[in-house]
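*Asks:* My structure is in final30.cif, and what it holds is mmCIF, C-alpha atoms:
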data_structure
#
loop_
_atom_site.label_atom_id
_atom_site.label_comp_id
_atom_site.auth_asym_id
_atom_site.auth_seq_id
_atom_site.Cartn_x
_atom_site.Cartn_y
_atom_site.Cartn_z
CA MET A 22 -24.04 -0.04 43.63
CA ARG A 23 -24.73 2.62 40.99
CA ALA A 24 -21.63 4.54 42.07
CA LEU A 25 -19.54 1.38 41.77
CA ALA A 26 -20.82 0.72 38.26
CA LEU A 27 -20.05 4.30 37.25
CA ALA A 28 -16.53 3.97 38.65
CA VAL A 29 -15.97 0.80 36.62
CA LEU A 30 -17.15 2.56 33.45
CA LEU A 31 -14.92 5.55 34.09
CA THR A 32 -11.93 3.27 34.73
CA ALA A 33 -12.58 1.43 31.45
CA ALA A 34 -12.98 4.71 29.56
CA SER A 35 -9.70 5.95 31.01
CA ALA A 36 -7.94 2.76 29.90
CA TRP A 37 -9.18 3.15 26.30
CA ALA A 38 -8.18 6.82 26.32
CA GLN A 39 -4.55 5.65 26.38
CA PRO A 40 -4.02 3.92 23.02
CA TYR A 41 -2.38 0.52 23.17
CA TYR A 42 0.52 -0.19 20.82
CA PRO A 43 1.90 -3.73 20.51
CA ASP A 44 5.43 -4.55 21.54
CA ALA A 45 7.28 -7.64 20.28
CA THR A 46 4.54 -9.73 21.90
CA TRP A 47 1.17 -8.55 20.63
CA GLN A 48 -1.50 -8.77 23.32
CA ARG A 49 -4.76 -10.52 22.54
CA LYS A 50 -8.17 -9.85 24.04
CA SER A 51 -11.54 -11.53 23.73
CA ALA A 52 -14.22 -9.91 21.64
CA ALA A 53 -16.20 -8.96 24.75
CA GLU A 54 -13.20 -7.23 26.34
CA VAL A 55 -13.01 -4.73 23.48
CA GLY A 56 -16.73 -4.23 22.87
CA LEU A 57 -17.33 -6.74 20.08
CA ASP A 58 -20.02 -9.37 19.72
CA ALA A 59 -18.21 -12.72 19.53
CA PRO A 60 -20.74 -14.60 17.34
CA ARG A 61 -20.88 -11.76 14.82
CA LEU A 62 -17.08 -11.52 14.79
CA LYS A 63 -16.95 -15.23 14.03
CA GLU A 64 -19.41 -14.68 11.19
CA ALA A 65 -17.02 -12.15 9.65
CA VAL A 66 -14.09 -14.55 9.90
CA ASP A 67 -16.08 -17.48 8.51
CA PHE A 68 -17.28 -15.31 5.65
CA ALA A 69 -13.69 -14.32 4.73
CA VAL A 70 -12.54 -17.94 4.75
CA ALA A 71 -15.48 -19.03 2.57
CA ALA A 72 -14.88 -16.18 0.11
CA GLU A 73 -11.37 -17.35 -0.86
CA SER A 74 -10.13 -16.01 -4.18
CA LYS A 75 -10.93 -18.30 -7.08
CA ASN A 76 -7.61 -17.53 -8.75
CA PRO A 77 -4.92 -20.23 -8.62
CA ARG A 78 -2.67 -20.45 -5.59
CA ASP A 79 0.13 -20.97 -8.08
CA LEU A 80 0.81 -17.28 -8.62
CA THR A 81 3.07 -17.88 -11.62
CA LEU A 82 0.14 -19.56 -13.35
CA ASN A 83 -2.12 -16.78 -12.13
CA HIS A 84 0.26 -14.22 -13.63
CA TYR A 85 0.07 -15.80 -17.07
CA GLN A 86 -3.72 -15.90 -16.85
CA THR A 87 -3.89 -12.18 -16.02
CA PHE A 88 -1.09 -9.62 -16.41
CA GLY A 89 1.03 -12.07 -18.37
CA ARG A 90 -1.40 -11.78 -21.27
CA GLU A 91 -0.58 -8.10 -21.76
CA PRO A 92 2.07 -6.92 -24.25
CA HIS A 93 5.47 -7.15 -22.54
CA GLY A 94 3.73 -9.17 -19.83
CA ASN A 95 6.64 -11.52 -19.04
CA PRO A 96 7.63 -11.57 -15.34
CA ILE A 97 10.99 -10.03 -14.49
CA GLY A 98 10.85 -10.31 -10.70
CA PRO A 99 10.30 -13.13 -8.20
CA ILE A 100 6.82 -14.66 -7.85
CA LYS A 101 5.88 -16.71 -4.80
CA ASP A 102 2.95 -19.13 -4.54
CA ARG A 103 0.41 -18.07 -1.95
CA GLY A 104 -0.99 -19.78 1.12
CA ASP A 105 -4.41 -20.21 2.72
CA PRO A 106 -6.99 -17.45 3.16
CA THR A 107 -5.57 -15.48 6.05
CA GLY A 108 -6.45 -12.58 8.28
CA VAL A 109 -5.95 -10.65 11.48
CA ILE A 110 -8.51 -8.38 13.17
CA VAL A 111 -7.40 -5.69 15.61
CA ARG A 112 -9.69 -3.65 17.90
CA ARG A 113 -8.34 -0.81 20.03
CA GLY A 114 -4.86 -2.07 19.20
CA TYR A 115 -5.42 -5.63 20.45
CA ILE A 116 -5.67 -8.77 18.33
CA VAL A 117 -9.17 -10.21 18.63
CA ALA A 118 -9.21 -12.72 15.76
CA GLU A 119 -6.79 -14.44 13.41
CA TRP A 120 -7.12 -17.23 10.89
CA GLY A 121 -5.22 -19.04 8.18
CA GLU A 122 -1.44 -18.58 8.17
CA PRO A 123 -0.76 -15.10 9.58
CA LEU A 124 2.94 -15.86 10.04
CA ARG A 125 3.33 -16.92 6.42
CA VAL A 126 5.27 -14.47 4.24
CA ASP A 127 3.29 -13.94 1.02
CA MET A 128 3.24 -11.46 -1.83
CA THR A 129 1.12 -8.46 -0.96
CA HIS A 130 1.00 -6.98 -4.46
CA SER A 131 -0.10 -3.32 -4.53
CA VAL A 132 -0.29 -2.91 -0.77
CA THR A 133 3.43 -2.37 -1.49
CA LYS A 134 2.47 1.05 -2.85
CA SER A 135 1.32 2.20 0.59
CA PHE A 136 4.75 1.36 2.00
CA LEU A 137 6.37 3.13 -0.95
CA SER A 138 4.33 6.32 -0.57
CA SER A 139 4.98 6.30 3.19
CA VAL A 140 8.73 6.26 2.52
CA ALA A 141 8.08 9.34 0.39
CA GLY A 142 6.27 10.83 3.38
CA VAL A 143 9.31 10.37 5.58
CA ALA A 144 11.43 11.98 2.85
CA TYR A 145 9.09 14.98 2.90
CA ASP A 146 9.12 15.17 6.69
CA ARG A 147 12.93 15.23 6.67
CA GLY A 148 13.16 17.88 3.98
CA LEU A 149 14.54 15.60 1.27
CA ILE A 150 11.46 16.48 -0.76
CA ARG A 151 10.78 20.17 -0.18
CA GLY A 152 7.22 20.21 -1.50
CA ILE A 153 4.83 17.70 -3.06
CA ASP A 154 4.14 20.11 -5.92
CA ASP A 155 7.84 20.38 -6.78
CA LEU A 156 8.85 19.17 -10.23
CA VAL A 157 10.41 15.72 -9.97
CA ARG A 158 12.92 16.57 -12.69
CA ASP A 159 14.69 18.88 -10.24
CA TYR A 160 15.48 15.92 -7.96
CA VAL A 161 16.43 13.20 -10.43
CA PRO A 162 19.56 13.44 -12.63
CA PRO A 163 20.23 11.13 -15.58
CA ILE A 164 20.72 7.61 -14.22
CA VAL A 165 23.29 4.94 -15.06
CA VAL A 166 21.60 1.57 -15.48
CA ASP A 167 23.73 -1.53 -14.97
CA GLY A 168 24.78 -3.02 -18.27
CA GLU A 169 23.60 -0.02 -20.34
CA THR A 170 25.79 2.54 -22.11
CA GLU A 171 23.10 5.21 -22.47
CA LEU A 172 21.98 7.34 -19.52
CA LEU A 173 18.35 6.96 -18.46
CA ASN A 174 16.65 10.33 -18.18
CA LEU A 175 13.14 9.88 -16.79
CA PHE A 176 11.97 13.47 -17.07
CA ASP A 177 13.53 14.89 -20.23
CA THR A 178 10.50 15.11 -22.56
CA PRO A 179 8.31 18.23 -22.69
CA HIS A 180 5.47 16.31 -21.04
CA ASN A 181 7.50 14.51 -18.37
CA ARG A 182 9.24 17.73 -17.35
CA GLN A 183 5.87 19.02 -16.00
CA ILE A 184 5.33 16.13 -13.57
CA THR A 185 5.33 16.77 -9.82
CA TRP A 186 5.61 14.41 -6.87
CA ASN A 187 1.91 14.96 -6.27
CA HIS A 188 1.08 13.75 -9.79
CA LEU A 189 3.11 10.57 -9.30
CA LEU A 190 1.62 9.90 -5.86
CA ARG A 191 -1.93 10.23 -7.22
CA GLN A 192 -1.29 8.34 -10.50
CA THR A 193 -2.29 11.37 -12.54
CA SER A 194 1.08 12.04 -14.22
CA ASP A 195 0.48 10.30 -17.58
CA TRP A 196 4.27 9.84 -17.64
CA GLY A 197 5.41 8.49 -20.99
CA GLY A 198 8.33 6.20 -21.68
CA THR A 199 9.82 2.80 -21.00
CA LEU A 200 11.33 1.57 -17.74
CA TRP A 201 12.80 -1.89 -17.06
CA ASP A 202 11.79 -2.88 -20.63
CA LYS A 203 8.11 -2.13 -19.86
CA PRO A 204 6.53 0.70 -21.92
CA ASP A 205 3.94 2.71 -20.02
CA TRP A 206 1.24 1.81 -22.56
CA ALA A 207 1.76 -1.94 -21.98
CA ASP A 208 0.26 -1.82 -18.47
CA ARG A 209 -3.50 -2.39 -18.79
CA PRO A 210 -3.41 -1.25 -22.43
CA SER A 211 -6.43 0.23 -24.15
CA ASP A 212 -8.30 -1.81 -26.74
CA LYS A 213 -7.06 0.56 -29.46
CA PRO A 214 -3.50 -0.50 -30.34
CA GLN A 215 -3.15 2.39 -32.78
CA GLU A 216 -3.23 4.74 -29.78
CA TRP A 217 -0.56 2.98 -27.73
CA LEU A 218 2.34 4.96 -29.15
CA ALA A 219 0.63 7.87 -30.87
CA ARG A 220 -1.99 9.27 -28.51
CA LYS A 221 -1.70 12.78 -27.16
CA ARG A 222 -0.60 12.97 -23.52
CA ASN A 223 -3.03 14.36 -20.97
CA PRO A 224 -1.66 17.33 -19.01
CA PRO A 225 -0.39 16.08 -15.63
CA GLY A 226 -3.13 16.15 -13.02
CA THR A 227 -6.05 15.98 -15.46
CA SER A 228 -6.47 12.22 -15.84
CA TYR A 229 -6.06 9.15 -13.65
CA LYS A 230 -4.70 5.78 -14.65
CA TYR A 231 -3.52 3.02 -12.37
CA ASN A 232 -0.19 2.24 -13.98
CA ASP A 233 2.65 0.20 -12.51
CA VAL A 234 5.30 1.47 -14.93
CA ARG A 235 4.71 4.95 -13.54
CA VAL A 236 4.75 3.61 -10.00
CA ASN A 237 8.17 2.13 -10.72
CA VAL A 238 9.29 5.49 -12.10
CA PHE A 239 8.24 6.97 -8.76
CA ALA A 240 10.21 4.32 -6.87
CA LEU A 241 13.34 5.02 -8.93
CA ALA A 242 12.94 8.78 -8.42
CA LEU A 243 12.55 8.24 -4.69
CA LEU A 244 15.68 6.05 -4.62
CA ASN A 245 17.59 9.01 -6.07
CA VAL A 246 16.24 11.24 -3.31
CA TRP A 247 17.21 8.90 -0.47
CA ARG A 248 20.42 7.69 -2.18
CA ARG A 249 19.98 4.43 -0.24
CA PRO A 250 18.09 1.21 -1.03
CA LEU A 251 14.45 1.84 -0.16
CA PRO A 252 14.08 -1.43 1.80
CA GLN A 253 16.81 -0.17 4.16
CA VAL A 254 15.00 3.15 4.53
CA LEU A 255 11.66 1.44 5.20
CA LYS A 256 13.21 -0.86 7.78
CA GLU A 257 14.97 1.92 9.67
CA THR A 258 12.23 4.57 9.59
CA LEU A 259 9.01 2.55 9.85
CA MET A 260 9.21 -1.22 10.18
CA ASP A 261 11.68 -1.45 13.07
CA PRO A 262 9.94 1.29 15.10
CA ILE A 263 6.54 -0.44 14.77
CA GLY A 264 8.04 -3.77 15.85
CA ALA A 265 7.68 -5.59 12.53
CA SER A 266 9.33 -8.97 12.19
CA GLY A 267 12.53 -9.57 10.28
CA THR A 268 10.80 -11.79 7.73
CA TRP A 269 9.45 -9.23 5.22
CA ARG A 270 11.34 -8.52 2.00
CA TRP A 271 10.97 -5.92 -0.76
CA TYR A 272 12.12 -6.91 -4.24
CA GLY A 273 12.69 -5.24 -7.57
CA TYR A 274 13.38 -6.83 -10.94
CA ASP A 275 16.23 -8.76 -12.51
CA ASN A 276 17.06 -5.71 -14.63
CA SER A 277 16.24 -2.85 -12.20
CA TRP A 278 19.81 -2.28 -11.02
CA VAL A 279 21.30 1.20 -11.18
CA VAL A 280 24.66 2.71 -10.30
CA LEU A 281 24.26 5.07 -7.36
CA ASP A 282 27.34 6.79 -5.95
CA GLY A 283 29.51 4.10 -7.53
CA THR A 284 27.49 1.19 -6.06
CA LEU A 285 24.97 -1.11 -7.70
CA VAL A 286 21.55 -0.72 -6.08
CA GLN A 287 18.29 -2.46 -6.98
CA SER A 288 15.33 -0.17 -7.54
CA VAL A 289 12.30 -1.89 -6.01
CA SER A 290 8.86 -2.26 -7.56
CA GLY A 291 5.58 -0.93 -6.25
CA GLY A 292 3.75 -4.23 -6.56
CA GLY A 293 3.78 -7.71 -8.06
CA HIS A 294 2.54 -6.87 -11.57
CA TRP A 295 5.66 -8.38 -13.15
CA GLY A 296 6.85 -10.06 -9.96
CA GLY A 297 8.67 -8.46 -7.06
CA GLY A 298 7.17 -6.06 -4.54
CA MET A 299 6.70 -6.71 -0.84
CA VAL A 300 6.45 -10.21 0.61
CA ILE A 301 5.24 -9.93 4.17
CA ASN A 302 3.19 -11.66 6.86
CA ALA A 303 -0.27 -10.60 8.03
CA TYR A 304 0.90 -9.47 11.48
CA ASP A 305 3.35 -7.00 9.97
CA MET A 306 0.61 -5.74 7.64
CA ALA A 307 -1.63 -5.25 10.68
CA ARG A 308 1.08 -3.26 12.47
CA PHE A 309 1.29 -0.95 9.47
CA GLY A 310 -2.50 -0.69 9.56
CA VAL A 311 -2.38 0.39 13.21
CA LEU A 312 0.25 3.00 12.31
CA THR A 313 -2.03 4.49 9.65
CA LEU A 314 -5.06 4.24 11.95
CA ARG A 315 -3.14 6.35 14.47
CA ARG A 316 -2.28 8.83 11.71
CA GLY A 317 1.43 8.04 11.54
CA LYS A 318 2.07 7.96 15.28
CA TRP A 319 3.56 5.00 17.15
CA LYS A 320 3.70 5.38 20.91
CA GLU A 321 5.50 8.69 21.55
CA ARG A 322 6.96 8.99 18.04
CA GLN A 323 5.39 10.57 14.96
CA LEU A 324 6.93 8.30 12.32
CA VAL A 325 5.05 9.90 9.44
CA SER A 326 3.65 13.38 9.87
CA GLU A 327 -0.07 13.90 10.34
CA GLN A 328 0.16 16.37 7.45
CA TRP A 329 1.31 13.56 5.16
CA VAL A 330 -1.48 11.23 6.32
CA GLN A 331 -4.00 14.00 5.71
CA TRP A 332 -2.70 14.47 2.15
CA ALA A 333 -2.65 10.71 1.59
CA LEU A 334 -6.35 10.53 2.45
CA THR A 335 -7.37 13.62 0.48
CA PRO A 336 -9.40 12.58 -2.58
CA THR A 337 -7.77 12.99 -5.98
CA PRO A 338 -10.04 15.36 -7.97
CA VAL A 339 -10.15 13.13 -11.07
CA GLN A 340 -10.47 9.91 -8.99
CA PRO A 341 -12.09 10.81 -5.65
CA SER A 342 -11.75 7.37 -4.05
CA TYR A 343 -7.96 7.46 -4.53
CA GLY A 344 -5.54 9.44 -2.39
CA PHE A 345 -1.81 8.80 -2.42
CA MET A 346 -0.83 5.35 -3.62
CA ASN A 347 -2.39 3.11 -2.21
CA TRP A 348 -4.54 4.93 0.33
CA ASP A 349 -8.03 4.23 -0.96
CA ASN A 350 -10.60 6.36 0.85
CA ASN A 351 -14.29 5.68 1.35
CA ARG A 352 -15.61 9.24 1.34
CA ASP A 353 -17.84 8.58 -1.67
CA ARG A 354 -18.84 5.15 -0.23
CA LYS A 355 -17.58 3.40 -3.37
CA LEU A 356 -14.65 1.52 -1.84
CA VAL A 357 -16.74 -0.39 0.72
CA PRO A 358 -20.33 0.94 0.60
CA ILE A 359 -21.27 -0.45 4.02
CA ALA A 360 -18.28 1.15 5.78
CA PRO A 361 -18.17 4.64 7.32
CA PRO A 362 -16.96 7.46 5.04
CA SER A 363 -13.92 7.87 7.32
CA ALA A 364 -12.74 4.31 6.59
CA PHE A 365 -9.90 3.65 4.18
CA ALA A 366 -7.90 0.71 2.90
CA HIS A 367 -4.54 -0.27 1.51
CA LEU A 368 -5.50 -2.57 -1.35
CA GLY A 369 -3.62 -5.01 -3.52
CA ASN A 370 -4.35 -7.73 -6.03
CA GLY A 371 -5.21 -11.11 -4.66
CA THR A 372 -7.20 -9.60 -2.94
CA ASN A 373 -4.91 -8.33 -0.18
CA MET A 374 -6.46 -5.65 2.03
CA ILE A 375 -5.59 -3.69 5.14
CA TYR A 376 -8.95 -2.21 6.18
CA VAL A 377 -8.68 0.77 8.54
CA ASP A 378 -11.76 2.09 10.33
CA PRO A 379 -11.06 5.05 12.65
CA GLU A 380 -14.72 5.41 13.62
CA HIS A 381 -14.76 1.91 15.12
CA ASP A 382 -11.04 1.71 16.04
CA LEU A 383 -10.65 -1.34 13.82
CA VAL A 384 -7.90 -2.71 11.60
CA ALA A 385 -8.46 -5.86 9.57
CA VAL A 386 -5.99 -7.65 7.34
CA VAL A 387 -7.73 -9.93 4.87
CA ARG A 388 -5.73 -11.92 2.32
CA TRP A 389 -6.79 -13.98 -0.70
CA ILE A 390 -10.47 -13.01 -0.70
CA GLU A 391 -12.67 -12.30 -3.71
CA ARG A 392 -12.75 -8.56 -4.42
CA ASP A 393 -16.54 -8.43 -4.52
CA ALA A 394 -16.70 -10.09 -1.07
CA LEU A 395 -14.94 -7.23 0.72
CA ASP A 396 -18.17 -5.37 1.42
CA GLY A 397 -19.77 -8.51 2.86
CA PHE A 398 -16.82 -9.05 5.15
CA VAL A 399 -16.80 -5.44 6.39
CA LYS A 400 -20.59 -5.51 6.84
CA ARG A 401 -20.25 -8.45 9.22
CA LEU A 402 -17.24 -6.93 10.96
CA VAL A 403 -18.93 -3.59 11.62
CA ALA A 404 -22.07 -5.40 12.80
CA ALA A 405 -19.95 -6.98 15.54
CA VAL A 406 -19.23 -3.59 17.13
CA LYS A 407 -21.29 -3.12 20.29
CA GLN A 408 -19.53 -0.13 21.84
#
Will you turn the file into structure tokens for me?
*Replies:*
Amino acid sequence: MRALALAVLLTAASAWAQPYYPDATWQRKSAAEVGLDAPRLKEAVDFAVAAESKNPRDLTLNHYQTFGREPHGNPIGPIKDRGDPTGVIVRRGYIVAEWGEPLRVDMTHSVTKSFLSSVAGVAYDRGLIRGIDDLVRDYVPPIVVDGETELLNLFDTPHNRQITWNHLLRQTSDWGGTLWDKPDWADRPSDKPQEWLARKRNPPGTSYKYNDVRVNVFALALLNVWRRPLPQVLKETLMDPIGASGTWRWYGYDNSWVVLDGTLVQSVSGGGHWGGGMVINAYDMARFGVLTLRRGKWKERQLVSEQWVQWALTPTPVQPSYGFMNWDNNRDRKLVPIAPPSAFAHLGNGTNMIYVDPEHDLVAVVRWIERDALDGFVKRLVAAVKQ
């Protein structure tokens, strides 16, 4: 009898040693089948549903109550009303829980940045970006913007000429200028208006500021590296290989059209600050979470190099909980205090979160939850792990 029990355990261990990746049909397992406690798992789901964001579901109204109150805060990209609190929990690659409207395509706000930085990772892996500490100015010529007679030169000032890809990826560039009619100072401006235009720039790499104008500069620079619309690149290099649906979309702004090789191309945004960004369903977000859990590998293919994932999760010296946009790490236990230090998340406003926990082989997509409830959700989720 003891030998039989040992054989069963060894067979189970062997099965988990071969990671499962979903095909078009994503397999589901019960909590018990993947070593989770069902009642505690239900507690986590119930907690997420009860902690729905208090912000309006009308995201246009929500915009004017938040970012729309900033200088130059008018939306210039599409905004889509959101649905119910939604989520998907994945253990060992299998779906074990889902709630709300996981098939609904909703804005995912700054989770978009994780897709954007991953497209940069593929560019690095293919040699289009030779080194992350290269100066961006060497890759981006003056740009023709549709309807404008003056060339846009993103990196022509003494300060901007010092900026590297690494600075942009870590939001430490302090890039200065205006893009798509949004000055850099107008995003989360300081309470000292006299400094908005006159302050001295911090040397690149020495200060951190979460700034969507600079993220959009990064997206435009990356478009000039790929010389193709970034949604096409994302689809071909990442989303199709991981089996994502055909329902996601990635938008830019009404005025973010440039002439590239004689063709008009829209430069996409890195979030929904002024509208735009990724609209996507929770299952596709979960697939991306599994890809990052497995350090860029999907089945037999390394879609993003392990080197890039390692860099993405390396703390930024002046903001240790931030890696590459938007790979938020938990090494200092500030992101989600209850979670292991190895955990990380792709976070966006709303709150939208892809929680990735390598220690427990967990991925959880949670949408439209209060930001301060994330730790309570993860606490209940981790408590459900039995083995």
*Asks:* Taking the file as shown, find all residues satisfying the PyMOL selection byres ((chain A and resi 386) around 10) and write them as a list of chain:residue names.
*Replies:*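 With the PyMOL selection byres ((chain A and resi 386) around 10) on this model, the match is A:Thr107, A:Gly108, A:Val109, A:Ile110, A:Val111, A:Glu119, A:Pro123, A:Ala303, A:Tyr304, A:Asp305, A:Met306, A:Ala307, A:Arg308, A:Gly310, A:Ala366, A:His367, A:Asn373, A:Met374, A:Ile375, A:Tyr376, A:Val377, A:Val384, A:Ala385, A:Val387, A:Arg388.
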*Asks:* Convert the current residue selection to file output with C-alpha atoms, as an mmCIF file, keeping the file's coordinate frame.
*Replies:*
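And here is the file that came out, out_28.cif:
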data_model
loop_
_atom_site.group_PDB
_atom_site.id
_atom_site.type_symbol
_atom_site.label_atom_id
_atom_site.label_comp_id
_atom_site.auth_asym_id
_atom_site.auth_seq_id
_atom_site.Cartn_x
_atom_site.Cartn_y
_atom_site.Cartn_z
ATOM 1 C CA THR A 107 -5.570 -15.480 6.050
ATOM 2 C CA GLY A 108 -6.450 -12.580 8.280
ATOM 3 C CA VAL A 109 -5.950 -10.650 11.480
ATOM 4 C CA ILE A 110 -8.510 -8.380 13.170
ATOM 5 C CA VAL A 111 -7.400 -5.690 15.610
ATOM 6 C CA GLU A 119 -6.790 -14.440 13.410
ATOM 7 C CA PRO A 123 -0.760 -15.100 9.580
ATOM 8 C CA ALA A 303 -0.270 -10.600 8.030
ATOM 9 C CA TYR A 304 0.900 -9.470 11.480
ATOM 10 C CA ASP A 305 3.350 -7.000 9.970
ATOM 11 C CA MET A 306 0.610 -5.740 7.640
ATOM 12 C CA ALA A 307 -1.630 -5.250 10.680
ATOM 13 C CA ARG A 308 1.080 -3.260 12.470
ATOM 14 C CA GLY A 310 -2.500 -0.690 9.560
ATOM 15 C CA ALA A 366 -7.900 0.710 2.900
ATOM 16 C CA HIS A 367 -4.540 -0.270 1.510
ATOM 17 C CA ASN A 373 -4.910 -8.330 -0.180
ATOM 18 C CA MET A 374 -6.460 -5.650 2.030
ATOM 19 C CA ILE A 375 -5.590 -3.690 5.140
ATOM 20 C CA TYR A 376 -8.950 -2.210 6.180
ATOM 21 C CA VAL A 377 -8.680 0.770 8.540
ATOM 22 C CA VAL A 384 -7.900 -2.710 11.600
ATOM 23 C CA ALA A 385 -8.460 -5.860 9.570
ATOM 24 C CA VAL A 387 -7.730 -9.930 4.870
ATOM 25 C CA ARG A 388 -5.730 -11.920 2.320
#
*Asks:* Tell me which residues the PyMOL selection byres ((chain A and resi 319) around 10) grabs here, as a list of chain:residue names.
*Replies:* A:Pro40, A:Tyr41, A:Tyr42, A:Pro43, A:Leu259, A:Pro262, A:Ile263, A:Gly264, A:Arg308, A:Phe309, A:Val311, A:Leu312, A:Thr313, A:Arg315, A:Arg316, A:Gly317, A:Lys318, A:Lys320, A:Glu321, A:Arg322, A:Gln323, A:Leu324, A:Val325
*Asks:* If you apply the PyMOL selection byres ((chain A and resi 173) around 10) to this file, what residues do you get, as a ChimeraX atom specification?
*Replies:* /A:162-166,169-172,174-177,199-200,279
*Asks:* Atom CA of Tyr115 of chain A and atom CA of Arg49 of chain A are how many Å apart?
*Replies:* 5.4 Å
*Asks:* How many Å separate atom CA of His130 of chain A from atom CA of Gly273 of chain A?
*Replies:*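 The value is 12.2 Å.
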*Asks:* Between atom CA of Asp282 of chain A and atom CA of Lys256 of chain A, measure the distance and give it in Å to one decimal.
*Replies:* 21.1 Å
*Asks:* From the set A:Ala394, A:Ala53, A:Ala65, A:Val132, which residue has the shortest atom-to-atom contact distance to Asn370 of chain A, counting all atoms listed in the file?
*Replies:*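 Going through A:Ala394, A:Ala53, A:Ala65, A:Val132 one by one, the smallest distance to Asn370 of chain A is for A:Val132.
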*Asks:* Taking 2 positions as the minimum chain separation for residues in the same chain, which residues sit within 12 Å of Val234 of chain A when counting all atoms listed in the file? Answer as JSON, numbers by chain.
*Replies:* {"A": [93, 94, 175, 189, 192, 194, 195, 196, 197, 198, 199, 200, 201, 202, 203, 204, 205, 206, 207, 208, 209, 210, 230, 231, 232, 236, 237, 238, 239, 240, 241, 289, 290, 291, 292, 293, 294, 295]}
*Asks:* Neighbourhood query: residues within 6 Å of (3.5, 16.1, 4.3), file coordinates, counting only C-alpha atoms; return as JSON, numbers by chain.
*Replies:* {"A": [145, 328, 329]}
*Asks:* Within 9 Å of Ser363 of chain A, counting all atoms listed in the file, which residues qualify if same-chain residues fewer than 4 places away don't, as a PyMOL selection string?
*Replies:* chain A and resi 350-352+377-380
*Asks:* A:Gln287, A:Asp396, A:Arg248, A:Val300: which is nearest Ser266 of chain A, counting all atoms listed in the file?
*Replies:*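 Ranked by minimum distance to Ser266 of chain A, first place goes to A:Val300.
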*Asks:* Could you check which of A:Tyr343, A:Pro106, A:Pro224, A:Thr337 is closest to Glu73 of chain A, using all atoms listed in the file?
*Replies:*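 Counting all atoms listed in the file, the residue closest to Glu73 of chain A is A:Pro106.
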*Asks:* Would you give the centre and edge lengths, in Å to one decimal, of a box along x, y and z around the listed atoms of segment 318-321 of chain A, with 6 Å added to each side, as lines of an AutoDock Vina configuration file?
*Replies:*
center_x = 3.8
center_y = 6.8
center_z = 18.4
size_x = 15.4
size_y = 15.7
size_z = 18.3
*Asks:* Counting only C-alpha atoms, what is within 10 Å of Tyr85 of chain A, bar same-chain residues fewer than 6 positions away, as a compact mmCIF listing (two decimals) with C-alpha atoms, keeping the file's coordinate frame?
*Replies:*
# COMPACT_ATOMS: atom_id res chain seq x y z
CA GLU A 91 -0.58 -8.10 -21.76
CA GLY A 94 3.73 -9.17 -19.83
CA ASN A 95 6.64 -11.52 -19.04
CA PRO A 96 7.63 -11.57 -15.34
